[in-house]
Structure formats: C-alpha cells, structure tokens
Amino acid sequence: MSDAVSDPGTSGPAPEALSHSAHWGVFEGRYDGRRLRIRPHAGDPDPSPVLDNIPSAVGHPARVRAPAVRRGWWERGPGPSDARGRDDYLTVSWDAVLDRLAAETHRVRSTHGDAAVYGGSYGWASAGRFHHAQGQLHRFLAATGGYTRSVNSYSGGAAEVVLPQVLGGFDAASRAVTSWDEVAAHTDTVLAFGGMALKNSAIAPGGVSRHVERGAMRAARDRGAVFVLVSPLRPDLPEDVDATWLPIRPGTDVALMLALMHSLVADGRHDEEFLAAHCDGWERLREYLFAAPVKDAAWAAEITGLEVATIRELVWRIAYGRTLVTVAQSLQRAEHGEQPVWAGAALAAVLGQIGISGAGFCYGLGSLADHGRTRNAVPVPTFPRLPNPVGEFIPVARVADMLLHPGETYRYDGAERTYPHVRMAWWAGGNPFHHHQDLRRLRRAVAALDTFVVHDPVWTATARHADVVLPSTMTIERDDIGATNWDPLVVAMKQLVPVPGEARDDYDVFTDLAARLGHGHTFSEGRTSQEWLAHMYDRTRKALAERGDEAPEFEEFWERGELLLPRRPADGGILARFRRDPAGHPLPTESGRIQVGSDRIAAYGLDDHPGHPAWIAPAEVPDERHPFWLVANQPATRLHSQLDFGAHSAGAKRSGREVVRIHPGDAAALGIGDDDVVRIFNDRGACLAAARLTDDIASGVLQLPTGAWWDPRPDPERPEYGDDGLCVHGNPNAVTRDRGTSGFAQGCTGQLCAVGVQRYRHDPPEVRAHTSAV
C-alpha cells in the first residue's frame, strides 16, 4: 500500500493528510504538488490493495482535459452514424458545447417526446453521495422534462426480479439476513455456490471502512465450521478457510441443488413441518423432483461432472447442524439465471433452516461488502432525486436491444412491453463498453442514435464512441461525503489534488445546462456544492439528535473528517420474524409464505419458467469449434473497469494485456505456455490475452476477468469482421452473448459463454487503450 509521506528530497513540512473514501476502502491522502500518497484507514483490518490504483490517476495521459466533440456530429449535425468510435475529435469551449447540447436536448424532446432521451448512467463513479454520477444525471433529466430509465442492475438483474416474488424482497434475502458475526459464531456448514471471493466483498457502493469478511471466515473455520465451494474456480473462497472444492461444470449448479433436495426428501432428512407451515408450492416442486427423469444424484452427476459419491456425501454434510446456503451474484448472470437463485432458496427451505441465525439462505453474501452487515440506525446523507415524469423503462441489460429494435415487444416480469424509440442517450459515471456484452453489437446499437453524450474523466471506450465528451472531475478532485446504509462510518471526503485542465464537476455542468433549458432552480435549488453537502448532512444530524446521540454540526464533522453512526442489532430481518410467527408476520409474497413453487410465475406462460425451480439446459454450450467455457467474472485488481491503468491493475497484466487462466492439461494439448499471447474467439468476435497456467481452474474452463478497456482492431483470422473483430487488450465482452436471462427478468448473461482458444499466430499489436483521443 502506498506510503503517506512526502517524496524523498522535497523541502518543507509534510503535506496535511486528508480523509477520503473509495468504493473499496476509506483512506487518507497526502499530495505534495507532484505525487499523491495514500494510506488505508487505521481501523481497517484487511484493506484492499485496489487502493493502489488511485495515485496513478493524477496527471494520467488518458484524462479528458477539455470538452471534445466528434467531428462529424459537430460539422454535420445529429443523426445515426457508424463513424462513432472511428471519427476524430475537436476541442471546443464549454459555452459552445453547452449551448449546442441544450439546443439538441430541446430538439429531441420537442420532436420525439421526453421518452426519446435515455438516462443511462450506471452509478459506480464515486463513493461520494453528492457527486454520485447517476443521481446527478437522473435529477437533471427529471428536472428538465423526463427520460427513459433503466431498472435493475448488471450485477443482480435476475435476482432482483425473482427474489421479491420468492422471499418478499431483495434485501430480505441478501443484506438483512445473516451477518458475518453470525457466520463466525453459529454456522456449521457454508455451502457456497459460486463462492465468496474476497475480491468481490472488498467493494461496496458508498465505500467500506472495515473489511471483515476474511476474519469472519477464519473465525468460523477455527470454531469448526466447514466450507464447501461449488465453483469451477478454486480462488472463489480464500485459501485459508480450507474449503472442500467441488469443481462443477459451469452453469449446472441448479442440477446439483435439485439433486440435493431430492436426496434429502428420499432419505427423510427434509423438514416436512417447515415446508407445510412456512412454504407454498411444495407439492409442485416435490412432484418435479421425483418425476422422470428423477432428479437424483446420478442424474445430477451426468450434468455437473461431479461424482455420485461426492453428491451423496454432501447431502449428509448439509443435513447436519446449521447450514448456510449462499448463491453468488455470478450464478444468475447466465442463461436462466433466475433458477439458481430460486433453487438455492428452495434448498434452504427443504432443510428447514430459513430464519435461523447463521443458517438458511443468503443471496450474494461475499459478493459485495454491504452484505453480511447490520444496517445503520439513522439515515445517511444522500442527494435527493426528483420524480421522473416519464414512465418508460427497460431492464438495464437490454439497452442494445432497445436501440436496435425500437417498437418491438419483449417479455419482462409477467408483462409484454415495447421498446421506446430513443434518439439521445446520456451517460455519466459508467462505461457500457466495459460492462455490456457483445461489444461489436453495442457499437452497432449506439450508431443508431442521433446524439450520444458522455461525461467522463478519462478516454474510455465509451467516451471514444460519444458525440460529445464532457470532462468530469474524479473523486479525488472534489469534496463529498462518503456513506452507505450498511457501514457505520460517514467520511468527509476532502479534495486531495487540483482539477486538471478544464474538467468540471458534473453538478456544475448540469446546473449550467438546466439553466439553459429554463429549469436551473428546479435542479440546483440555488445551492452550491458545499451548501448541498451541509444540507444532505443535516438529515443525518437531526436523526442522531432525535435519538439522543452525538450530533455534531456540519462544520465540526468536516473538520473532524469522519463520524461513527449507531447501528441496528442483527435480528435476521423479516425472514426471522416470519419463521417465529408466520401468521403474524407474513411475507409480502403471493401467499404470504416462501414460494418454493409459484402459481403466479407459472401463469406467466414462459417455457423456461414452469412455476418452480427447474433445470433448463442453456442454448449455448461448448462444441467442437468452441470447446471451452469462458468465465468472464469480476476482476481482482480494480472495480469493473475503473482505473484500469492504475498501478495495481497494470501490475497484474502481461505486456499490457489482460491475463486468461487455463488448466495446464488443456494448455498442453493446445501447445500453450505461460505468458503466451492467445486468441479467445467465437462467432461474435475475439480478444487477445496472456495465458497463465494454473490447476486452480477446472479443465475445460477459461477465466478472463472483465474490465480491460476495449481496444478493437481488425482480426487477421476474421478480416470480414472489419476494424473491430479483435480486442487486443483482453476484454471478454468481445465474445460474450447479449441475451436476456429469460423473459422473466431479462438480466444479463455475461458470466458464461462458449469459446475456442489458440496461440496467436501473428505479432501481437500494441495496446493503445489508455491513451488520449485528442
């Protein structure tokens, strides 16, 4: 971790240490005019090394330093264009670009309606609650007329739709269920489908002050708890918890869950009383388990690649003591991603342990740092949004479908919906050319727009496809307040370094634009940024005062640098109350009980949702041409694509290229050695990566993390694909499939796809992703 002293040889006193926060940790920074030094918060027992990416952002060549416009849009006006991502850029003044943008926004709305504007920000730009890019953009668009919005997330889109119907709420099955303290104290067996990788639990919206996950898992292990990892990747649980690794075939977890349920029932180890008193739809699910083909261990072994004896032994293990069934977010980012979430909850219900401390079911435990913690007793400072006058929305991962197929219908959560015809897309704080699937298809989709506006501090692939690029400040260049409902520390995030070039805060840009559109006061309410911080904080101060807790004024909080909030006790949430008294505390589901089967979902009439958890084989599987499963999971060295050029992220690459992991036996058969540049391909495209041989991955599987900035070039193996057939940097979304999980939730399916791999037979091109576009 970076030291917090000034550079050797500098004269004068050491610069003052200022508090700040990132999604992956609270820290203090010192800037001496040349370099930023950072140190993690003293109270963090296990700080994330991702913090080391932050100093590299200061003065980086990839910064957007002045407003830039695509030449074709500026000179010939708005309209569909396949020059996006290919055209060059002109630098213009702020006044000129804001005048043009205000006029274009008015034209689109007056000609095509407010729903023709899409507010596409994805919200991970800053841990600060005021300079939250998504909140700023959506407030601006709502204040000035309205916009088509998105619902759900790429991370949990399928779960966010199915869990409220099965357990009565998303938080009820994730954040408000089982705390890490309860795991450490009470759990006997952790059955972790998809694992609980520390790289994921190091990160949370609003930041995290104490990384407690490693310590809690160690404490559980030391007490005698057993961890069982069901994943094709061994590092999905920390090495020091001594987990039993079951290297399952990717995408087959539901088959194993069904076999475990079948065997529990067949052996008489299920909890019949709990199923009768607390669950609805059990007869429907039970009939399916025993119908041909019977969902027993032998059936599951053929599908999962696990041994029958291994499955039978696991049945005995989970039937003993307190078992916690966890399902990682990664499992539902695949075809029929609703099913592993539903099946995991049903398995915990069959065991009869939902609502017991340290046992039952928890979605996403270990997937984010705000899971497994108790909620604060008072609200945290937040930037208020405004109601959106437009009712149109799409599931977030269906953006390319919307742009390519306006007016077409699709199914979502039991309803038939129609894609609106969006002419103008506005993005702030996100990088869809990182997190969306099938990037060549996404490029064709944004080509259909009249105007594409992007606020970005750096020249990401998304910025390089925009018509208008507005240079935003980074979090370390502005004041803010870091806070989340699930971490007790509120942080006064103080500006650490000067603002480069002509970059501006998103708030100031939107204030000027709103004024040009005649809605300046509606957006800003006449407040400066600092006045907003004090106004937001006052909500928290008043709540503390009402409780009789210490409630310092804003000036004192800002001087102090942080404030520790009181927390609610861990009580298991609505599931624990429901277990104790199902009649007095019914769940907000169709029956008031846990839906292990559902008449409502069955009535949707979807072929892939029969009204209970079911095994449905995916349409895309490895074949002779593409014999490997590619797991495109979250990176260990950055958050999504943020600060991909940072020291920690860049240090894990090889010759500037992302690393793909492959089993030594598979590599030997293909003549691939460590650090060889390989081409990963299918019919959607290809990417290059540096090979790393490891037996921590199942045979037949490749693992390439997301987040390498898309760097498209011609593919010598497929010249007919044009100038974007090959990502030379290693972005797996060059080959992933842009398809919804199902007509139920329409979540993204970017976690798994079928690919081929070969040694690259040409000279590897230089990676140019982290350079300026002007």
# chains A, B, ... in the order shown; residues from 1 in each chain; ligands from 1

call {"tool": "select_by_dssp", "arguments": {"residues": "segment 218-354 of chain A", "states": "helix (DSSP H, G or I)", "output": "MDAnalysis selection string"}}
result
chainID A and resid 218:223 234:236 239:241 253:266 272:278 282:290 297:304 308:318 329:332 338:351

call {"tool": "residues_around", "arguments": {"residues": "Thr323 of chain A", "least_positions_apart": "2", "cutoff": "12 Å", "atoms": "only C-alpha atoms", "output": "ChimeraX atom specification"}}
result
/A:178,183,186-192,225-228,314-321,325-326,347-362

call {"tool": "closest_residue", "arguments": {"among": "A:Ser153, A:Asp236, A:Phe744, A:His106", "to": "Trp124 of chain A", "atoms": "only C-alpha atoms"}}
result
A:Ser153

call {"tool": "residues_around", "arguments": {"residues": "Gly651 of chain A", "least_positions_apart": "4", "cutoff": "12 Å", "atoms": "only C-alpha atoms", "output": "JSON, numbers by chain"}}
result
{"A": [49, 50, 52, 53, 56, 636, 637, 638, 644, 645, 646, 647, 655, 656, 657, 658, 659]}

call {"tool": "residues_around", "arguments": {"residues": "Thr511 of chain A", "least_positions_apart": "2", "cutoff": "9 Å", "atoms": "only C-alpha atoms", "output": "PDB file with C-alpha atoms, in the first residue's frame"}}
result
ATOM      1  CA  PHE A 140     -31.046  16.776 -14.248  1.00  0.00           C
ATOM      2  CA  ASP A 506     -20.984  17.028 -13.119  1.00  0.00           C
ATOM      3  CA  TYR A 507     -23.141  19.136 -10.788  1.00  0.00           C
ATOM      4  CA  ASP A 508     -21.788  22.397 -12.181  1.00  0.00           C
ATOM      5  CA  VAL A 509     -22.236  21.189 -15.754  1.00  0.00           C
ATOM      6  CA  LEU A 513     -27.403  23.068 -18.756  1.00  0.00           C
ATOM      7  CA  ALA A 514     -30.562  23.149 -16.647  1.00  0.00           C
ATOM      8  CA  ALA A 515     -30.411  26.954 -16.654  1.00  0.00           C
ATOM      9  CA  ARG A 516     -30.136  26.974 -20.454  1.00  0.00           C
ATOM     10  CA  HIS A 519     -35.080  24.711 -15.182  1.00  0.00           C
ATOM     11  CA  GLY A 520     -31.961  25.876 -13.354  1.00  0.00           C
ATOM     12  CA  HIS A 521     -33.524  26.369  -9.917  1.00  0.00           C
ATOM     13  CA  PHE A 523     -32.271  21.244 -10.493  1.00  0.00           C
ATOM     14  CA  SER A 524     -29.930  23.160  -8.149  1.00  0.00           C
TER      15      SER A 524
END

call {"tool": "residues_around", "arguments": {"residues": "Tyr31 of chain A", "least_positions_apart": "2", "cutoff": "7 Å", "atoms": "only C-alpha atoms", "output": "count of residues only"}}
result
9

call {"tool": "residues_around", "arguments": {"residues": "Gly725 of chain A", "least_positions_apart": "5", "cutoff": "12 Å", "atoms": "only C-alpha atoms", "output": "VMD selection string"}}
result
chain A and resid 438 to 441 443 679 to 688 710 to 720 733 to 735

call {"tool": "closest_residue", "arguments": {"among": "A:Pro67, A:Gly337, A:Gly700, A:Pro457", "to": "Leu233 of chain A", "atoms": "only C-alpha atoms"}}
result
A:Gly700

call {"tool": "atom_distance", "arguments": {"atom1": "atom CA of Glu182 of chain A", "atom2": "atom CA of His371 of chain A"}}
result
12.5 Å

call {"tool": "closest_residue", "arguments": {"among": "A:Arg444, A:His585, A:Arg398, A:Arg223", "to": "Ser150 of chain A", "atoms": "only C-alpha atoms"}}
result
A:Arg398

call {"tool": "select_by_dssp", "arguments": {"residues": "segment 520-753 of chain A", "states": "strand (DSSP E or B)", "output": "ChimeraX atom specification"}}
result
/A:562-564,567,594-595,628-631,654,657,659-662,677-682,685-693,697,701-703,712-713,726-727,752-753

call {"tool": "residues_around", "arguments": {"residues": "segment 115-123 of chain A", "least_positions_apart": "4", "cutoff": "8 Å", "atoms": "only C-alpha atoms", "output": "number ranges by chain"}}
result
A: 108-109, 132-135, 137-138, 141, 146-150, 390, 392, 420-431

call {"tool": "write_last_selection", "arguments": {"atoms": "N, CA, C and O atoms", "output": "CSV table (one decimal), in the first residue's frame"}}
result
chain,number,residue,atom,x,y,z
A,108,VAL,N,-34.7,17.1,-29.6
A,108,VAL,CA,-35.1,15.8,-29.4
A,108,VAL,C,-36.5,15.7,-28.7
A,108,VAL,O,-37.4,14.9,-29.1
A,109,ARG,N,-36.6,16.4,-27.6
A,109,ARG,CA,-37.8,16.3,-26.8
A,109,ARG,C,-39.0,16.9,-27.5
A,109,ARG,O,-40.1,16.3,-27.5
A,132,HIS,N,-22.5,11.6,-7.0
A,132,HIS,CA,-22.9,10.3,-7.5
A,132,HIS,C,-23.5,10.5,-8.9
A,132,HIS,O,-24.5,11.1,-9.1
A,133,ALA,N,-22.7,10.1,-9.9
A,133,ALA,CA,-23.0,10.5,-11.3
A,133,ALA,C,-24.4,10.1,-11.7
A,133,ALA,O,-25.1,10.9,-12.4
A,134,GLN,N,-24.8,8.9,-11.3
A,134,GLN,CA,-26.2,8.5,-11.7
A,134,GLN,C,-27.2,9.4,-11.1
A,134,GLN,O,-28.2,9.8,-11.8
A,135,GLY,N,-27.1,9.7,-9.8
A,135,GLY,CA,-28.1,10.6,-9.2
A,135,GLY,C,-28.1,12.0,-9.8
A,135,GLY,O,-29.1,12.6,-10.0
A,137,LEU,N,-27.2,12.9,-12.9
A,137,LEU,CA,-27.8,12.8,-14.3
A,137,LEU,C,-29.3,12.6,-14.2
A,137,LEU,O,-30.0,13.3,-14.9
A,138,HIS,N,-29.8,11.7,-13.4
A,138,HIS,CA,-31.2,11.5,-13.4
A,138,HIS,C,-32.0,12.7,-12.8
A,138,HIS,O,-33.1,13.0,-13.2
A,141,LEU,N,-32.1,15.2,-15.7
A,141,LEU,CA,-33.1,14.8,-16.8
A,141,LEU,C,-34.5,14.9,-16.3
A,141,LEU,O,-35.4,15.3,-17.0
A,146,GLY,N,-37.9,14.8,-18.2
A,146,GLY,CA,-38.1,13.4,-18.1
A,146,GLY,C,-37.2,12.6,-19.1
A,146,GLY,O,-36.6,13.1,-20.0
A,147,TYR,N,-37.2,11.2,-18.9
A,147,TYR,CA,-36.3,10.4,-19.7
A,147,TYR,C,-36.8,8.9,-19.5
A,147,TYR,O,-37.5,8.6,-18.6
A,148,THR,N,-36.4,8.1,-20.5
A,148,THR,CA,-36.5,6.7,-20.3
A,148,THR,C,-35.4,6.2,-19.4
A,148,THR,O,-34.2,6.6,-19.6
A,149,ARG,N,-35.8,5.4,-18.4
A,149,ARG,CA,-34.8,5.0,-17.4
A,149,ARG,C,-34.6,3.5,-17.6
A,149,ARG,O,-35.2,2.8,-18.3
A,150,SER,N,-33.6,3.0,-16.8
A,150,SER,CA,-33.4,1.5,-16.7
A,150,SER,C,-33.7,1.1,-15.3
A,150,SER,O,-33.7,1.8,-14.3
A,390,VAL,N,-41.6,10.7,-17.0
A,390,VAL,CA,-41.8,9.7,-18.0
A,390,VAL,C,-41.8,8.3,-17.3
A,390,VAL,O,-41.0,8.0,-16.5
A,392,GLU,N,-41.6,5.3,-19.1
A,392,GLU,CA,-40.9,4.3,-19.8
A,392,GLU,C,-39.6,3.8,-19.1
A,392,GLU,O,-38.9,4.6,-18.5
A,420,PRO,N,-39.0,1.6,-26.4
A,420,PRO,CA,-39.2,3.0,-26.9
A,420,PRO,C,-38.2,3.3,-28.0
A,420,PRO,O,-37.1,2.6,-28.1
A,421,HIS,N,-38.4,4.4,-28.8
A,421,HIS,CA,-37.5,4.8,-29.8
A,421,HIS,C,-36.7,5.9,-29.2
A,421,HIS,O,-37.1,7.1,-29.2
A,422,VAL,N,-35.5,5.6,-28.7
A,422,VAL,CA,-34.6,6.6,-28.1
A,422,VAL,C,-33.7,7.2,-29.2
A,422,VAL,O,-33.1,6.5,-30.0
A,423,ARG,N,-33.6,8.5,-29.2
A,423,ARG,CA,-32.8,9.2,-30.1
A,423,ARG,C,-31.5,9.8,-29.5
A,423,ARG,O,-30.6,10.1,-30.2
A,424,MET,N,-31.6,10.0,-28.2
A,424,MET,CA,-30.4,10.7,-27.5
A,424,MET,C,-30.1,9.9,-26.2
A,424,MET,O,-31.0,9.7,-25.4
A,425,ALA,N,-28.9,9.5,-26.1
A,425,ALA,CA,-28.5,8.8,-24.8
A,425,ALA,C,-27.5,9.6,-24.1
A,425,ALA,O,-26.6,10.2,-24.7
A,426,TRP,N,-27.6,9.6,-22.8
A,426,TRP,CA,-26.8,10.5,-21.9
A,426,TRP,C,-26.2,9.6,-20.9
A,426,TRP,O,-26.9,8.9,-20.1
A,427,TRP,N,-24.8,9.5,-20.8
A,427,TRP,CA,-24.1,8.6,-19.9
A,427,TRP,C,-23.2,9.4,-19.0
A,427,TRP,O,-22.5,10.3,-19.5
A,428,ALA,N,-23.3,9.1,-17.7
A,428,ALA,CA,-22.3,9.8,-16.7
A,428,ALA,C,-22.0,8.7,-15.7
A,428,ALA,O,-22.9,8.1,-15.1
A,429,GLY,N,-20.7,8.5,-15.5
A,429,GLY,CA,-20.3,7.7,-14.4
A,429,GLY,C,-20.3,6.2,-14.7
A,429,GLY,O,-20.2,5.4,-13.8
A,430,GLY,N,-20.4,5.8,-16.0
A,430,GLY,CA,-20.4,4.4,-16.3
A,430,GLY,C,-19.6,4.2,-17.6
A,430,GLY,O,-19.2,5.1,-18.3
A,431,ASN,N,-19.4,2.9,-17.9
A,431,ASN,CA,-18.6,2.5,-19.1
A,431,ASN,C,-19.3,1.3,-19.7
A,431,ASN,O,-18.8,0.2,-19.6

call {"tool": "atom_distance", "arguments": {"atom1": "atom CA of Asp253 of chain A", "atom2": "atom CA of Val230 of chain A"}}
result
7.8 Å

call {"tool": "closest_residue", "arguments": {"among": "A:Pro250, A:Ala83, A:Gly407, A:Leu726", "to": "Ala754 of chain A", "atoms": "only C-alpha atoms"}}
result
A:Pro250

call {"tool": "closest_atom_pairs", "arguments": {"of": "segment 155-267 of chain A", "to": "segment 471-494 of chain A", "cutoff": "9 Å", "atoms": "only C-alpha atoms", "output": "tab-separated table"}}
result
residue	atom	partner	partner_atom	distance
A:Arg175	CA	A:Trp486	CA	8.4
A:Ala204	CA	A:Thr484	CA	8.5
A:Pro205	CA	A:Thr484	CA	6.9
A:Gly206	CA	A:Thr484	CA	4.8
A:Gly207	CA	A:Ala483	CA	6.6
A:Val208	CA	A:Asp487	CA	6.2
A:Ser209	CA	A:Leu489	CA	6.5
A:Arg210	CA	A:Asp487	CA	8.2

call {"tool": "closest_residue", "arguments": {"among": "A:Met196, A:Ala632, A:Val468, A:Ala461", "to": "Trp74 of chain A", "atoms": "only C-alpha atoms"}}
result
A:Val468

call {"tool": "closest_atom_pairs", "arguments": {"of": "segment 404-506 of chain A", "to": "segment 87-94 of chain A", "cutoff": "9 Å", "atoms": "only C-alpha atoms", "output": "CSV"}}
result
residue,atom,partner,partner_atom,distance
A:Arg464,CA,A:Asp87,CA,8.7
A:His465,CA,A:Asp87,CA,8.5
A:Asp467,CA,A:Tyr89,CA,8.6
A:Leu470,CA,A:Trp94,CA,8.7
A:Glu502,CA,A:Trp94,CA,8.6

call {"tool": "write_last_selection", "arguments": {"atoms": "C-alpha atoms", "output": "tab-separated table (two decimals), in the first residue's frame"}}
result
chain	number	residue	atom	x	y	z
A	464	ARG	CA	-14.45	7.25	-27.72
A	465	HIS	CA	-17.92	6.41	-29.10
A	467	ASP	CA	-20.59	12.62	-29.97
A	470	LEU	CA	-17.59	16.39	-21.20
A	502	GLU	CA	-10.88	22.26	-17.92

call {"tool": "decode", "arguments": {"residues": "segment 545-602 of chain A", "atoms": "C-alpha atoms", "output": "PDB file, in the first residue's frame"}}
result
ATOM      1  CA  ALA A 545     -30.173  14.312  17.760  1.00  0.00           C
ATOM      2  CA  GLU A 546     -33.642  12.760  17.920  1.00  0.00           C
ATOM      3  CA  ARG A 547     -32.079   9.567  19.291  1.00  0.00           C
ATOM      4  CA  GLY A 548     -30.039  11.487  21.842  1.00  0.00           C
ATOM      5  CA  ASP A 549     -26.755  10.511  20.179  1.00  0.00           C
ATOM      6  CA  GLU A 550     -23.818  12.802  19.478  1.00  0.00           C
ATOM      7  CA  ALA A 551     -24.869  15.058  16.595  1.00  0.00           C
ATOM      8  CA  PRO A 552     -22.074  17.448  15.589  1.00  0.00           C
ATOM      9  CA  GLU A 553     -22.792  20.373  13.295  1.00  0.00           C
ATOM     10  CA  PHE A 554     -21.566  20.110   9.720  1.00  0.00           C
ATOM     11  CA  GLU A 555     -18.508  22.311  10.283  1.00  0.00           C
ATOM     12  CA  GLU A 556     -17.353  20.145  13.178  1.00  0.00           C
ATOM     13  CA  PHE A 557     -17.924  16.945  11.198  1.00  0.00           C
ATOM     14  CA  TRP A 558     -15.989  18.355   8.251  1.00  0.00           C
ATOM     15  CA  GLU A 559     -13.086  19.358  10.456  1.00  0.00           C
ATOM     16  CA  ARG A 560     -13.083  16.010  12.250  1.00  0.00           C
ATOM     17  CA  GLY A 561     -13.155  14.041   8.982  1.00  0.00           C
ATOM     18  CA  GLU A 562     -15.462  11.211   9.994  1.00  0.00           C
ATOM     19  CA  LEU A 563     -18.482  10.307  12.098  1.00  0.00           C
ATOM     20  CA  LEU A 564     -19.378   6.892  13.511  1.00  0.00           C
ATOM     21  CA  LEU A 565     -23.087   6.089  13.349  1.00  0.00           C
ATOM     22  CA  PRO A 566     -25.074   3.805  15.678  1.00  0.00           C
ATOM     23  CA  ARG A 567     -26.207   0.503  14.210  1.00  0.00           C
ATOM     24  CA  ARG A 568     -29.284  -1.639  14.484  1.00  0.00           C
ATOM     25  CA  PRO A 569     -28.893  -5.029  16.174  1.00  0.00           C
ATOM     26  CA  ALA A 570     -28.748  -8.110  13.953  1.00  0.00           C
ATOM     27  CA  ASP A 571     -32.208  -9.676  14.093  1.00  0.00           C
ATOM     28  CA  GLY A 572     -32.485 -11.742  10.909  1.00  0.00           C
ATOM     29  CA  GLY A 573     -34.929  -9.303   9.341  1.00  0.00           C
ATOM     30  CA  ILE A 574     -38.345 -10.284   8.022  1.00  0.00           C
ATOM     31  CA  LEU A 575     -37.322 -13.922   7.497  1.00  0.00           C
ATOM     32  CA  ALA A 576     -36.525 -14.452  11.191  1.00  0.00           C
ATOM     33  CA  ARG A 577     -39.779 -12.799  12.237  1.00  0.00           C
ATOM     34  CA  PHE A 578     -41.683 -14.884   9.698  1.00  0.00           C
ATOM     35  CA  ARG A 579     -40.118 -18.099  10.980  1.00  0.00           C
ATOM     36  CA  ARG A 580     -41.156 -17.320  14.565  1.00  0.00           C
ATOM     37  CA  ASP A 581     -44.681 -16.281  13.641  1.00  0.00           C
ATOM     38  CA  PRO A 582     -45.747 -16.989  10.039  1.00  0.00           C
ATOM     39  CA  ALA A 583     -49.323 -15.865  10.669  1.00  0.00           C
ATOM     40  CA  GLY A 584     -48.399 -12.683  12.499  1.00  0.00           C
ATOM     41  CA  HIS A 585     -45.534 -11.721  10.185  1.00  0.00           C
ATOM     42  CA  PRO A 586     -46.411 -12.987   6.696  1.00  0.00           C
ATOM     43  CA  LEU A 587     -44.026 -12.343   3.834  1.00  0.00           C
ATOM     44  CA  PRO A 588     -45.031  -9.928   1.041  1.00  0.00           C
ATOM     45  CA  THR A 589     -45.336 -12.779  -1.472  1.00  0.00           C
ATOM     46  CA  GLU A 590     -48.392 -14.099  -3.316  1.00  0.00           C
ATOM     47  CA  SER A 591     -49.238 -16.490  -0.466  1.00  0.00           C
ATOM     48  CA  GLY A 592     -47.565 -14.715   2.444  1.00  0.00           C
ATOM     49  CA  ARG A 593     -45.166 -17.649   2.627  1.00  0.00           C
ATOM     50  CA  ILE A 594     -41.923 -18.748   0.948  1.00  0.00           C
ATOM     51  CA  GLN A 595     -42.698 -19.594  -2.672  1.00  0.00           C
ATOM     52  CA  VAL A 596     -40.826 -22.817  -3.393  1.00  0.00           C
ATOM     53  CA  GLY A 597     -43.386 -23.023  -6.197  1.00  0.00           C
ATOM     54  CA  SER A 598     -45.497 -20.221  -7.639  1.00  0.00           C
ATOM     55  CA  ASP A 599     -48.847 -20.158  -9.414  1.00  0.00           C
ATOM     56  CA  ARG A 600     -48.189 -16.552 -10.376  1.00  0.00           C
ATOM     57  CA  ILE A 601     -44.903 -17.311 -12.133  1.00  0.00           C
ATOM     58  CA  ALA A 602     -46.404 -20.399 -13.759  1.00  0.00           C
TER      59      ALA A 602
END
